[in-house]
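Reviewing the structure listed below.
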Amino acid sequence: MKARTLRRHLRESFKSLRRNGWMTFASVSAVTVTLLLVGVFFVILMNMNKFASDLEQDVEIRTHVELTATKKDQAALEQKIAKLDLVESVKFSSKEDELNHLIQTMGKEWNFIEEQENPLHDVFVVKTKKPADTPIVAQQIRKMEFVNSAEYGEKKVENLFKVLKTSRNIGLVLVIGLLFTAMFLISNTIKITIFARRREIEIMKLVGATNWFIRWPFLFEGIWLGMLGSILPIGVVATGYYYAYDFMEMRIPRQLIQPLEYTPFVYEVSLLMLLIGIIIGGWGSFISVRRFLKV
């Protein structure tokens, strides 16, 4: 495309936006509302994924060693566990360490155990390469010699995995649905614009204009609509997440919930929303032009 032709298409797209002021306003408003919802859902979805990943990384298998096992038996067991394909790390915790942890967690009233023979087991804390592999590894460990038990909060962890998977899928479906809604609204706006300018289009066709020569201004118009519609959502999401992040940092311990860092996350979301606006605007126009422009 020649530079002069490109300038002409850009000029015509801007003229169309001005001529169809109310339709432009309606379309930009629809894109604004849709992208605002997309942005909010996306921020929530990404932070949910972050929280889910943090929770999944905390899942571990506590392998209790038989009291009759010798140091040599424990060393052999540790090697067997470490050699499993799905295992990432194995950490030893003696029964004395377990007792100290119990006293720190449950309170000093458990000090009476120190006056007696320690009834606790030595423990191997096992982490898998992928949290979802935890049940498989636990089953493998339970079959090994000198293993008293291998626990990972079976029901709670499996329910957690199910809830996280469901929430991720629902969030993804909502975001995709909103994107298609925005595309549909822009497509309808361009369709109405094309219908209103059908005489002009017929004349252009009669004097020899090609289909793509006629289509380009409409495509640019859709892109401008998408870009204009993304400005306000970007500002709202960036400002809202700033205050939400600050609130969580001040009020909630980082050990409980650690949201995504404000930067570069907000810049990434802003760029994504701008690209989404451009893509759905251009694609909505392309669909409308292809289907409804009779030239």
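Each chain in the structure tokens gets a letter, A, B and so on, in the order shown; residues start at 1 in every chain, and ligands are counted from 1 in the order they appear.
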
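DSSP secondary structure from the backbone places Ile61, Arg62, Thr63, His64, Val65, Val87, Glu88, Ser89, Val90, Lys91, Phe92, Ser93, Val123, Phe124, Val125, Val126, Lys127, Thr128, Val147, Asn148, Ser149, Ala150 and Glu151 of chain A of region 41-256 of chain A in strand (DSSP E).
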
Can you pull out the residues contacting region 256-273 of chain A? Cut-off 10 Å, using only C-alpha atoms, and skip same-chain residues under 2 positions away; I want them as a PyMOL selection string. chain A and resi 35-36+38-40+42-44+46-51+54-55+226-227+229-231+233-235+237-239+241-246+248-249+252-254+275-279

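Put simply, CA of Asn118 (chain A) is 28.9 Å away from CA of Thr134 (chain A).
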
Identify all residues of region 193-260 of chain A in helix (DSSP H, G or I) (DSSP on the backbone) and supply them as a ChimeraX atom specification. /A:193-196,198-206,211-251

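Put simply, CA of Phe184 (chain A) is 21.7 Å away from CA of Arg19 (chain A).
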
Any idea what's packed within 8 Å of Ser13 (chain A), counting only C-alpha atoms, ignoring anything in its chain fewer than 6 positions away? Could you give it as a ChimeraX atom specification? /A:217-218,220-221

Would you mind telling me which residue in A:Leu17, A:Met23, A:Leu45, A:Ala82 lies nearest to Ser167 (chain A) when using only C-alpha atoms? A:Leu45
